[in-house]
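File shown: structure39.txt (compact mmCIF, C-alpha atoms and all ligand atoms).
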```txt
# COMPACT_ATOMS: atom_id res chain seq x y z
CA MET A 1 -5.46 22.83 -9.25
CA ILE A 2 -2.84 24.28 -6.89
CA ARG A 3 -3.14 23.76 -3.16
CA LYS A 4 -1.21 25.75 -0.59
CA ILE A 5 0.39 23.73 2.19
CA VAL A 6 2.04 26.65 4.03
CA ASP A 7 3.55 29.95 2.84
CA GLY A 8 5.95 29.16 0.01
CA VAL A 9 4.99 25.48 -0.25
CA TYR A 10 2.37 24.35 -2.77
CA ASN A 11 1.01 21.04 -3.97
CA VAL A 12 1.28 21.43 -7.75
CA GLY A 13 0.65 17.75 -8.39
CA VAL A 14 -2.14 16.20 -10.39
CA VAL A 15 -5.38 14.55 -9.32
CA ASP A 16 -6.25 11.49 -11.42
CA TRP A 17 -9.99 11.48 -10.76
CA ASP A 18 -10.99 8.51 -12.91
CA ARG A 19 -8.00 6.17 -13.01
CA VAL A 20 -9.40 2.73 -12.26
CA LEU A 21 -6.34 0.47 -11.96
CA PHE A 22 -2.76 0.77 -10.74
CA ASP A 23 0.01 -1.62 -11.77
CA GLU A 24 -2.68 -3.24 -13.94
CA ILE A 25 -4.01 -5.03 -10.86
CA VAL A 26 -4.74 -2.66 -7.95
CA PRO A 27 -8.30 -1.27 -8.15
CA LEU A 28 -8.62 2.48 -7.54
CA PRO A 29 -12.27 2.96 -6.52
CA GLN A 30 -11.50 6.52 -5.36
CA GLY A 31 -9.06 7.46 -8.14
CA THR A 32 -5.67 8.73 -6.99
CA SER A 33 -3.30 11.69 -7.12
CA TYR A 34 0.39 12.26 -7.80
CA ASN A 35 1.34 15.06 -5.44
CA ALA A 36 4.32 17.21 -6.32
CA TYR A 37 5.36 19.94 -3.92
CA LEU A 38 6.90 23.19 -5.08
CA ILE A 39 9.01 24.93 -2.41
CA MET A 40 9.64 28.58 -3.28
CA ASP A 41 12.63 30.26 -1.69
CA GLU A 42 15.84 31.83 -3.06
CA LYS A 43 16.28 28.45 -4.68
CA ILE A 44 13.26 26.61 -5.95
CA ALA A 45 12.74 22.91 -5.33
CA LEU A 46 10.11 20.50 -6.57
CA VAL A 47 9.50 17.38 -4.48
CA ASP A 48 8.44 14.42 -6.66
CA THR A 49 6.67 14.63 -10.03
CA ALA A 50 3.80 12.70 -11.64
CA GLU A 51 2.90 10.03 -14.14
CA PRO A 52 4.37 11.01 -17.54
CA TYR A 53 0.92 11.19 -19.14
CA LYS A 54 0.07 13.96 -16.65
CA TRP A 55 2.97 16.21 -17.68
CA ASP A 56 0.76 18.86 -19.29
CA GLU A 57 -1.21 19.34 -16.06
CA LEU A 58 1.89 19.38 -13.88
CA LYS A 59 3.52 21.92 -16.19
CA ARG A 60 0.41 24.11 -16.14
CA ASN A 61 0.32 24.09 -12.34
CA ILE A 62 4.02 25.02 -12.12
CA GLU A 63 3.56 27.82 -14.66
CA GLU A 64 0.57 29.19 -12.75
CA LEU A 65 2.87 30.01 -9.85
CA GLY A 66 4.92 32.18 -12.20
CA ILE A 67 8.31 30.62 -11.58
CA GLU A 68 11.01 30.81 -14.22
CA LYS A 69 13.41 28.20 -12.91
CA ILE A 70 13.62 25.07 -10.83
CA ASP A 71 16.96 24.50 -9.13
CA TYR A 72 16.35 21.12 -7.56
CA ILE A 73 13.95 18.27 -8.18
CA ILE A 74 13.86 16.09 -5.09
CA SER A 75 13.09 12.53 -6.09
CA ASN A 76 12.00 10.44 -3.11
CA HIS A 77 11.14 7.33 -5.12
CA ALA A 78 11.98 6.05 -8.61
CA GLU A 79 8.62 4.48 -9.48
CA GLN A 80 7.26 6.21 -12.54
CA ASP A 81 4.10 7.60 -10.96
CA HIS A 82 6.48 9.98 -9.12
CA SER A 83 9.50 10.09 -11.40
CA GLY A 84 7.84 9.85 -14.81
CA CYS A 85 7.88 13.59 -15.53
CA LEU A 86 11.58 13.99 -14.73
CA PRO A 87 12.68 13.88 -18.40
CA PHE A 88 10.09 16.56 -19.30
CA LEU A 89 11.14 18.74 -16.37
CA LEU A 90 14.79 18.47 -17.39
CA GLY A 91 13.78 19.53 -20.89
CA GLU A 92 11.91 22.54 -19.51
CA PHE A 93 14.44 23.42 -16.79
CA PRO A 94 17.82 22.15 -18.08
CA GLU A 95 19.73 23.66 -15.13
CA ALA A 96 17.77 21.64 -12.57
CA LYS A 97 19.53 18.92 -10.60
CA ILE A 98 17.74 15.76 -9.52
CA VAL A 99 18.45 15.29 -5.83
CA THR A 100 18.18 11.72 -4.63
CA ASN A 101 20.06 8.81 -3.09
CA GLU A 102 22.52 6.62 -4.99
CA LYS A 103 20.12 3.68 -5.40
CA CYS A 104 17.30 5.89 -6.67
CA LYS A 105 19.72 7.52 -9.10
CA GLN A 106 20.64 4.12 -10.54
CA PHE A 107 16.98 3.15 -10.89
CA GLU A 108 16.12 6.40 -12.66
CA MET A 109 19.06 6.01 -15.02
CA ASP A 110 17.74 2.53 -15.88
CA LEU A 111 14.01 3.32 -15.94
CA LEU A 112 14.09 6.77 -17.54
CA HIS A 113 17.49 6.93 -19.26
CA ILE A 114 18.43 10.11 -17.39
CA PRO A 115 22.16 10.93 -17.76
CA GLU A 116 24.24 10.59 -14.59
CA GLU A 117 25.42 14.22 -14.64
CA LYS A 118 21.87 15.39 -13.98
CA PHE A 119 21.93 13.96 -10.46
CA MET A 120 23.06 15.27 -7.09
CA VAL A 121 23.40 12.30 -4.73
CA VAL A 122 22.47 12.65 -1.07
CA LYS A 123 22.64 10.28 1.87
CA GLU A 124 21.11 9.99 5.33
CA GLY A 125 21.09 13.31 7.18
CA ASP A 126 22.43 15.43 4.31
CA VAL A 127 20.96 18.93 4.15
CA LEU A 128 20.29 21.29 1.28
CA SER A 129 19.71 25.00 1.88
CA LEU A 130 17.23 26.78 -0.37
CA GLY A 131 17.90 30.15 1.33
CA ASN A 132 15.54 30.51 4.26
CA LYS A 133 14.30 26.95 4.03
CA THR A 134 16.37 23.82 4.61
CA LEU A 135 15.76 20.31 3.35
CA GLU A 136 17.04 17.27 5.22
CA PHE A 137 17.08 13.83 3.62
CA ILE A 138 15.97 10.81 5.59
CA MET A 139 16.39 7.34 4.17
CA THR A 140 13.15 5.36 4.65
CA PRO A 141 13.87 2.25 2.57
CA TRP A 142 11.40 -0.46 1.59
CA VAL A 143 8.23 1.59 1.65
CA HIS A 144 7.82 -0.07 -0.75
CA TRP A 145 10.96 -0.15 -2.93
CA PRO A 146 14.52 -0.39 -1.63
CA GLU A 147 15.45 3.19 -2.54
CA THR A 148 12.54 5.08 -0.97
CA MET A 149 13.42 8.15 1.08
CA SER A 150 11.68 11.06 2.78
CA THR A 151 12.51 14.76 2.75
CA TYR A 152 12.08 16.99 5.80
CA LEU A 153 11.53 20.72 5.46
CA ARG A 154 12.99 21.87 8.74
CA GLU A 155 11.59 25.38 9.13
CA ASP A 156 8.00 24.37 8.33
CA LYS A 157 8.31 20.92 9.92
CA ILE A 158 6.87 19.20 6.86
CA MET A 159 7.81 15.59 6.09
CA PHE A 160 7.45 14.64 2.43
CA THR A 161 7.10 10.87 2.46
CA CYS A 162 6.11 9.93 -1.12
CA ASP A 163 4.29 6.55 -1.02
CA PHE A 164 4.75 6.16 2.76
CA PHE A 165 1.45 7.22 4.45
CA GLY A 166 -0.13 7.71 1.03
CA SER A 167 -3.63 6.79 -0.11
CA HIS A 168 -5.18 6.33 -3.51
CA VAL A 169 -7.74 9.09 -3.15
CA ALA A 170 -8.68 11.78 -5.63
CA THR A 171 -9.74 14.79 -3.60
CA SER A 172 -9.71 18.57 -3.82
CA HIS A 173 -8.92 18.69 -0.09
CA THR A 174 -5.38 19.77 0.75
CA PHE A 175 -5.46 18.00 4.10
CA ALA A 176 -7.28 14.86 5.24
CA ARG A 177 -10.72 15.87 6.52
CA ASP A 178 -13.14 13.04 5.78
CA TYR A 179 -11.34 10.73 8.19
CA ASP A 180 -13.57 7.65 7.81
CA ARG A 181 -13.02 7.66 4.05
CA ILE A 182 -9.33 8.40 4.34
CA TYR A 183 -8.77 5.69 6.97
CA HIS A 184 -10.34 3.10 4.66
CA GLU A 185 -8.36 4.18 1.60
CA ALA A 186 -5.07 4.56 3.47
CA LYS A 187 -5.57 1.07 4.87
CA ARG A 188 -6.33 -0.30 1.41
CA TYR A 189 -3.14 1.34 0.14
CA TYR A 190 -1.11 -0.05 3.07
CA ALA A 191 -2.58 -3.52 2.48
CA GLU A 192 -1.83 -3.53 -1.23
CA ILE A 193 1.80 -2.46 -1.22
CA MET A 194 3.18 -1.81 2.26
CA MET A 195 2.06 -4.88 4.24
CA PRO A 196 5.00 -7.14 3.28
CA PHE A 197 7.45 -4.58 4.69
CA ARG A 198 6.11 -4.26 8.25
CA SER A 199 9.48 -4.43 9.99
CA PHE A 200 10.92 -1.68 7.77
CA ILE A 201 7.82 0.41 8.34
CA GLU A 202 8.27 0.14 12.10
CA ARG A 203 11.87 1.39 11.81
CA ASN A 204 10.91 4.16 9.42
CA ILE A 205 8.09 5.39 11.67
CA LYS A 206 10.67 5.77 14.45
CA LYS A 207 12.84 7.85 12.12
CA ILE A 208 9.92 10.08 11.18
CA GLU A 209 8.95 10.46 14.83
CA SER A 210 12.49 11.49 15.75
CA LYS A 211 11.73 14.81 14.02
CA GLU A 212 9.19 17.38 15.05
CA VAL A 213 6.62 16.91 12.30
CA LYS A 214 3.63 19.20 11.92
CA ILE A 215 2.58 18.05 8.45
CA ILE A 216 2.99 14.74 6.65
CA ALA A 217 2.81 15.34 2.92
CA PRO A 218 2.69 12.07 0.96
CA SER A 219 2.63 11.90 -2.82
CA HIS A 220 -0.75 10.15 -3.07
CA GLY A 221 -3.94 11.40 -1.45
CA PRO A 222 -4.33 14.24 1.05
CA ALA A 223 -1.66 15.58 3.40
CA TYR A 224 -2.05 15.31 7.17
CA ASP A 225 -1.90 18.37 9.40
CA ASP A 226 -2.46 15.96 12.29
CA PRO A 227 0.40 13.50 11.60
CA SER A 228 -0.48 11.36 14.64
CA TYR A 229 -3.66 10.22 12.87
CA ILE A 230 -1.91 8.38 10.05
CA ILE A 231 1.09 7.34 12.16
CA ASN A 232 -1.21 5.71 14.74
CA ALA A 233 -3.18 4.00 11.98
CA TYR A 234 0.07 2.54 10.60
CA LYS A 235 1.08 1.38 14.09
CA GLU A 236 -2.24 -0.44 14.37
CA TRP A 237 -1.79 -2.15 10.99
CA ILE A 238 1.79 -3.28 11.55
CA ASP A 239 1.01 -4.66 15.03
CA ALA A 240 2.13 -8.30 14.99
CA ARG A 241 -1.05 -9.35 16.79
CA PRO A 242 -3.94 -10.21 14.47
CA ARG A 243 -7.63 -9.75 15.31
CA ASN A 244 -10.09 -12.50 16.20
CA LEU A 245 -11.03 -12.71 12.54
CA ALA A 246 -11.25 -15.51 9.99
CA LEU A 247 -11.12 -14.65 6.32
CA ILE A 248 -12.79 -17.12 3.96
CA ALA A 249 -11.62 -16.57 0.39
CA PHE A 250 -13.90 -18.74 -1.71
CA VAL A 251 -15.01 -19.68 -5.18
CA SER A 252 -17.73 -22.15 -6.07
CA MET A 253 -18.85 -23.46 -9.46
CA HIS A 254 -21.96 -25.55 -8.78
CA GLY A 255 -22.73 -24.68 -5.16
CA SER A 256 -21.09 -27.49 -3.14
CA THR A 257 -18.16 -25.40 -1.95
CA ARG A 258 -20.55 -22.52 -1.29
CA LYS A 259 -22.64 -24.74 1.01
CA MET A 260 -19.45 -25.62 2.91
CA VAL A 261 -18.56 -21.94 3.21
CA ASP A 262 -22.03 -20.96 4.43
CA HIS A 263 -21.92 -23.67 7.09
CA LEU A 264 -18.42 -22.68 8.19
CA ILE A 265 -19.44 -19.02 8.47
CA ASP A 266 -22.18 -20.01 10.94
CA ALA A 267 -19.93 -22.44 12.80
CA LEU A 268 -17.20 -19.84 13.30
CA THR A 269 -19.59 -17.00 14.13
CA SER A 270 -21.35 -19.09 16.77
CA ARG A 271 -17.95 -19.63 18.36
CA GLY A 272 -17.35 -15.90 18.70
CA ILE A 273 -15.06 -15.51 15.69
CA GLU A 274 -15.67 -12.64 13.30
CA VAL A 275 -15.83 -13.82 9.68
CA ARG A 276 -15.24 -12.06 6.39
CA ALA A 277 -16.24 -14.20 3.43
CA ARG A 278 -15.00 -12.94 0.08
CA ASN A 279 -16.21 -14.43 -3.18
CA LEU A 280 -13.05 -14.41 -5.27
CA ILE A 281 -15.00 -13.89 -8.50
CA THR A 282 -16.76 -10.73 -7.39
CA THR A 283 -14.62 -9.25 -4.65
CA ASN A 284 -12.30 -6.33 -5.08
CA LEU A 285 -8.67 -7.33 -4.51
CA GLY A 286 -8.18 -4.28 -2.32
CA GLU A 287 -10.94 -5.43 0.04
CA LEU A 288 -9.37 -8.89 0.23
CA ALA A 289 -5.99 -7.32 0.97
CA MET A 290 -7.51 -5.20 3.75
CA ASP A 291 -8.99 -8.30 5.40
CA LEU A 292 -5.50 -9.80 5.29
CA VAL A 293 -4.20 -6.91 7.41
CA ASP A 294 -6.24 -8.16 10.38
CA ALA A 295 -7.13 -11.85 9.96
CA ALA A 296 -5.78 -14.50 12.36
CA THR A 297 -6.94 -17.35 10.10
CA ILE A 298 -7.24 -17.62 6.33
CA ILE A 299 -9.47 -20.28 4.80
CA ILE A 300 -9.22 -20.91 1.08
CA ALA A 301 -12.28 -22.64 -0.32
CA THR A 302 -12.18 -24.02 -3.85
CA PRO A 303 -13.99 -26.43 -6.12
CA THR A 304 -11.96 -28.83 -8.24
CA MET A 305 -11.54 -27.71 -11.81
CA LEU A 306 -9.66 -29.75 -14.40
CA ALA A 307 -8.25 -31.88 -11.58
CA GLY A 308 -6.84 -28.91 -9.63
CA PRO A 309 -7.93 -25.84 -7.67
CA HIS A 310 -9.99 -23.15 -9.37
CA PRO A 311 -7.58 -20.57 -10.91
CA ALA A 312 -9.19 -17.84 -8.77
CA ALA A 313 -8.11 -19.76 -5.64
CA VAL A 314 -4.59 -20.12 -7.06
CA SER A 315 -4.47 -16.41 -7.75
CA ALA A 316 -5.65 -15.58 -4.21
CA THR A 317 -3.03 -17.91 -2.74
CA TYR A 318 -0.34 -16.21 -4.79
CA LEU A 319 -1.55 -12.82 -3.55
CA ILE A 320 -1.40 -14.05 0.06
CA ASN A 321 2.19 -15.17 -0.52
CA ALA A 322 3.10 -11.77 -1.96
CA LEU A 323 1.44 -9.73 0.79
CA ARG A 324 2.84 -11.85 3.66
CA PRO A 325 0.00 -11.13 6.10
CA LYS A 326 0.31 -11.61 9.86
CA ALA A 327 -2.26 -14.48 9.94
CA ARG A 328 -1.14 -17.45 12.05
CA PHE A 329 -3.39 -20.23 10.73
CA ALA A 330 -4.70 -21.40 7.36
CA ALA A 331 -7.01 -24.09 6.08
CA ILE A 332 -8.03 -25.36 2.67
CA ILE A 333 -11.52 -26.67 2.09
CA GLY A 334 -13.37 -27.62 -1.07
CA SER A 335 -15.19 -30.16 -3.14
CA TYR A 336 -14.70 -32.36 -6.17
CA GLY A 337 -16.84 -34.33 -8.58
CA TRP A 338 -14.61 -37.08 -9.84
CA GLY A 339 -11.19 -36.52 -8.33
CA GLY A 340 -8.19 -34.27 -8.47
CA ARG A 341 -5.42 -32.70 -6.47
CA ALA A 342 -6.90 -29.32 -5.49
CA VAL A 343 -5.61 -29.46 -1.91
CA ASP A 344 -2.14 -30.78 -2.76
CA ILE A 345 -1.62 -28.15 -5.44
CA LEU A 346 -2.71 -25.27 -3.20
CA LYS A 347 -0.55 -26.59 -0.35
CA SER A 348 2.44 -26.67 -2.68
CA ILE A 349 1.86 -23.03 -3.64
CA ILE A 350 1.62 -21.62 -0.11
CA SER A 351 4.99 -20.11 0.76
CA VAL A 352 4.18 -17.93 3.78
CA LYS A 353 5.06 -19.04 7.30
CA ILE A 354 1.67 -20.18 8.59
CA GLU A 355 0.28 -23.18 10.48
CA LEU A 356 -1.75 -25.23 8.05
CA LEU A 357 -4.75 -26.95 9.66
CA GLU A 358 -6.14 -30.28 8.44
CA PRO A 359 -7.74 -29.68 5.00
CA LEU A 360 -11.24 -30.84 4.16
CA LEU A 361 -12.03 -31.93 0.61
CA ILE A 362 -15.43 -33.54 0.03
CA LYS A 363 -17.11 -35.40 -2.82
CA GLY A 364 -20.17 -33.70 -4.29
CA LEU A 365 -22.72 -31.94 -2.10
CA PRO A 366 -21.79 -31.87 1.58
CA SER A 367 -23.32 -34.67 3.67
CA ASN A 368 -24.18 -34.57 7.37
CA GLU A 369 -20.77 -36.10 8.02
CA ASP A 370 -19.12 -33.30 6.04
CA TYR A 371 -20.99 -30.64 8.00
CA LYS A 372 -19.78 -32.34 11.19
CA ALA A 373 -16.23 -32.15 9.86
CA LEU A 374 -16.69 -28.43 9.20
CA ASP A 375 -17.89 -27.99 12.81
CA GLU A 376 -14.73 -29.74 13.93
CA LEU A 377 -12.63 -27.41 11.79
CA ALA A 378 -14.41 -24.41 13.34
CA GLU A 379 -13.72 -25.86 16.79
CA GLU A 380 -10.05 -26.30 15.92
CA ILE A 381 -9.84 -22.68 14.70
CA LYS A 382 -11.50 -21.54 17.92
CA LYS A 383 -8.89 -23.44 19.98
CA LYS A 384 -6.08 -21.92 17.93
CA HIS A 385 -7.50 -18.43 18.36
CA ASP A 386 -7.81 -18.98 22.12
CA SER A 387 -4.08 -19.76 22.20
CA ILE A 388 -2.89 -16.41 20.83
CA GLU A 389 -3.04 -12.77 21.86
CA PHE A 390 -5.25 -10.48 19.83
CA GLN A 391 -4.81 -6.81 19.10
FE1 LIG A 401 3.35 5.73 -5.83
FE2 LIG A 401 5.68 3.27 -5.47
O1 LIG A 401 4.75 4.58 -6.34
```

Would it be possible to restate this file's structure as structure tokens?
Ligand code: FEO
Amino acid sequence: MIRKIVDGVYNVGVVDWDRVLFDEIVPLPQGTSYNAYLIMDEKIALVDTAEPYKWDELKRNIEELGIEKIDYIISNHAEQDHSGCLPFLLGEFPEAKIVTNEKCKQFEMDLLHIPEEKFMVVKEGDVLSLGNKTLEFIMTPWVHWPETMSTYLREDKIMFTCDFFGSHVATSHTFARDYDRIYHEAKRYYAEIMMPFRSFIERNIKKIESKEVKIIAPSHGPAYDDPSYIINAYKEWIDARPRNLALIAFVSMHGSTRKMVDHLIDALTSRGIEVRARNLITTNLGELAMDLVDAATIIIATPTMLAGPHPAAVSATYLINALRPKARFAAIIGSYGWGGRAVDILKSIISVKIELLEPLLIKGLPSNEDYKALDELAEEIKKKHDSIEFQ
């Protein structure tokens, strides 16, 4: 499938309709795509490639456009879902140069064993003329690796951003049209890999906005012919102010922790706090990550298993550390049968900067006293929320 972006610019990338997992952890409920953009001028450039196992499809799409050479392969990011076909392309088009920054070059030499002489290194603001079309290279690091960059096609005002502004969506649309669906999937994508790099994203958005951009063309999901839509969504997600939202990430073995969670949901809701309760055994990690984009408070609820927290609660805590959400407050609640160190162990794992409220660990089924303690925790969360500014 080839999709025209503008005259002389085509998305020849590959749609991966039924891929279910990325990085062996990130669920892909909508599949994904690896967009690669062929720019046809006196010189021919390809922006990004695809997963190596999609080489046959990428090759077929390139051949369909009837080109006999590629002069430049612009590599905005070294991760293999965009760089993986570089060795095949160099085999097919041995005269092609890989155009990228120094750091990306080093990564691709390490990850793909591409010889150094195949590269043309560019830096911030460098330009490359293709004839009537001009490419300008803009360094947009840490979205989400240190070497990430964007490429601006001046005459057509297209910004190729690779992962930045991407979404894991398999679609035959060239441009985003089903905005509700795209918003959800772009937010999921942001939550899963971009969220820890909010300050870099803010700086990079300013760089993108310093150019006149008519089209944002990422390398996952649809392109945007209304760039303000995705830029404004990103501005909303990186806003330092959370929402009046408490996320309860819970797991329960015999129902005691679940009773605590159910009571806390009511206690928080009756105090005007929105609640998202995610069962860690059944929830999709992407949904949990999306809640972390907005939540002001995170509550981890765990039973005691083999004298410590349930492994699902440990895993969720590790994910929270990795994603570095903007939440200001956290609490640990749970239950035990005969003892253990569930709270101490979870506390020792938490590494994000967050105010930890008094934990609540109870013995067996919750008693009236325990429910009262949960009401007090809800009241404390309410007070904390009243003390901060929401988005
Ligand atoms: Fe889509 Fe960071 O790779």

Around (-18.5, -18.5, 21.5) in the file's own coordinates, what residues are found within 12 Å if you use all atoms listed in the file, given back as number ranges by chain?
A: 244, 266-274, 378-379, 381-383, 385-386

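Pairwise distance (atom CA of Ser387 of chain A, atom CA of Arg241 of chain A) equals 12.1 Å.
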
Given 8 Å and only C-alpha atoms and all ligand atoms, residues near ligand LIG 401 (chain A) as an MDAnalysis selection string
chainID A and resid 34 77:82 143:145 162:163 166 219:220

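The two atoms in question, atom CA of Pro311 of chain A and atom CA of Glu376 of chain A, are spaced 27.4 Å apart.
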
By how many Å are atom CA of His168 of chain A and atom CA of Asp23 of chain A apart?
12.6 Å

Shell around Met195 of chain A at 10 Å using all atoms listed in the file, local window under 6 positions removed, as a ChimeraX atom specification
/A:143-144,187-189,201,234,237-238,289-290,292-293,322-326

Using all atoms listed in the file, find the one residue out of A:Gly334, A:Pro52, A:Pro94, A:Pro146 that sits nearest to Glu117 of chain A.
A:Pro94

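Using all atoms listed in the file, the shortest contact distance between Phe175 of chain A and any of A:Pro303, A:Gly255, A:Pro141, A:Pro218 is found at A:Pro218.
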
May I have the residues within 12 Å of segment 53-57 of chain A as a list in words, using only C-alpha atoms and disregarding those fewer than 6 positions away in the same chain?
Met1, Ile2, Val12, Gly13, Val14, Val15, Asp16, Trp17, Arg19, Ser33, Tyr34, Asn35, Ala36, Glu63, Glu64, Gln80, Asp81, His82, Ser83, Gly84, Cys85, Leu86, Pro87, Phe88, Leu89, Gly91 and Glu92 of chain A

Contact residues around Val213 of chain A with only C-alpha atoms at 10 Å, ignoring same-chain residues under 4 positions, as a PDB file with C-alpha atoms, keeping the file's coordinate frame:
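Everything below was put into around_31.pdb:
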```
ATOM      1  CA  TYR A 152      12.080  16.990   5.800  1.00  0.00           C
ATOM      2  CA  LEU A 153      11.530  20.720   5.460  1.00  0.00           C
ATOM      3  CA  ARG A 154      12.990  21.870   8.740  1.00  0.00           C
ATOM      4  CA  ASP A 156       8.000  24.370   8.330  1.00  0.00           C
ATOM      5  CA  LYS A 157       8.310  20.920   9.920  1.00  0.00           C
ATOM      6  CA  ILE A 158       6.870  19.200   6.860  1.00  0.00           C
ATOM      7  CA  MET A 159       7.810  15.590   6.090  1.00  0.00           C
ATOM      8  CA  ILE A 208       9.920  10.080  11.180  1.00  0.00           C
ATOM      9  CA  GLU A 209       8.950  10.460  14.830  1.00  0.00           C
ATOM     10  CA  ASP A 225      -1.900  18.370   9.400  1.00  0.00           C
ATOM     11  CA  ASP A 226      -2.460  15.960  12.290  1.00  0.00           C
ATOM     12  CA  PRO A 227       0.400  13.500  11.600  1.00  0.00           C
ATOM     13  CA  SER A 228      -0.480  11.360  14.640  1.00  0.00           C
TER      14      SER A 228
END
```

Report the closest atom pair, with its distance in Å rounded to one decimal, for each residue of segment 45-69 of chain A that has an atom no farther than 12 Å from segment 121-140 of chain A; count all atoms listed in the file, sort by chain and then rising residue number, and write it as a tab-separated table.
```
residue	atom	partner	partner_atom	distance
A:Ala45	CA	A:Leu130	CA	7.7
A:Leu46	CA	A:Leu130	CA	11.3
A:Val47	CA	A:Leu135	CA	10.4
```
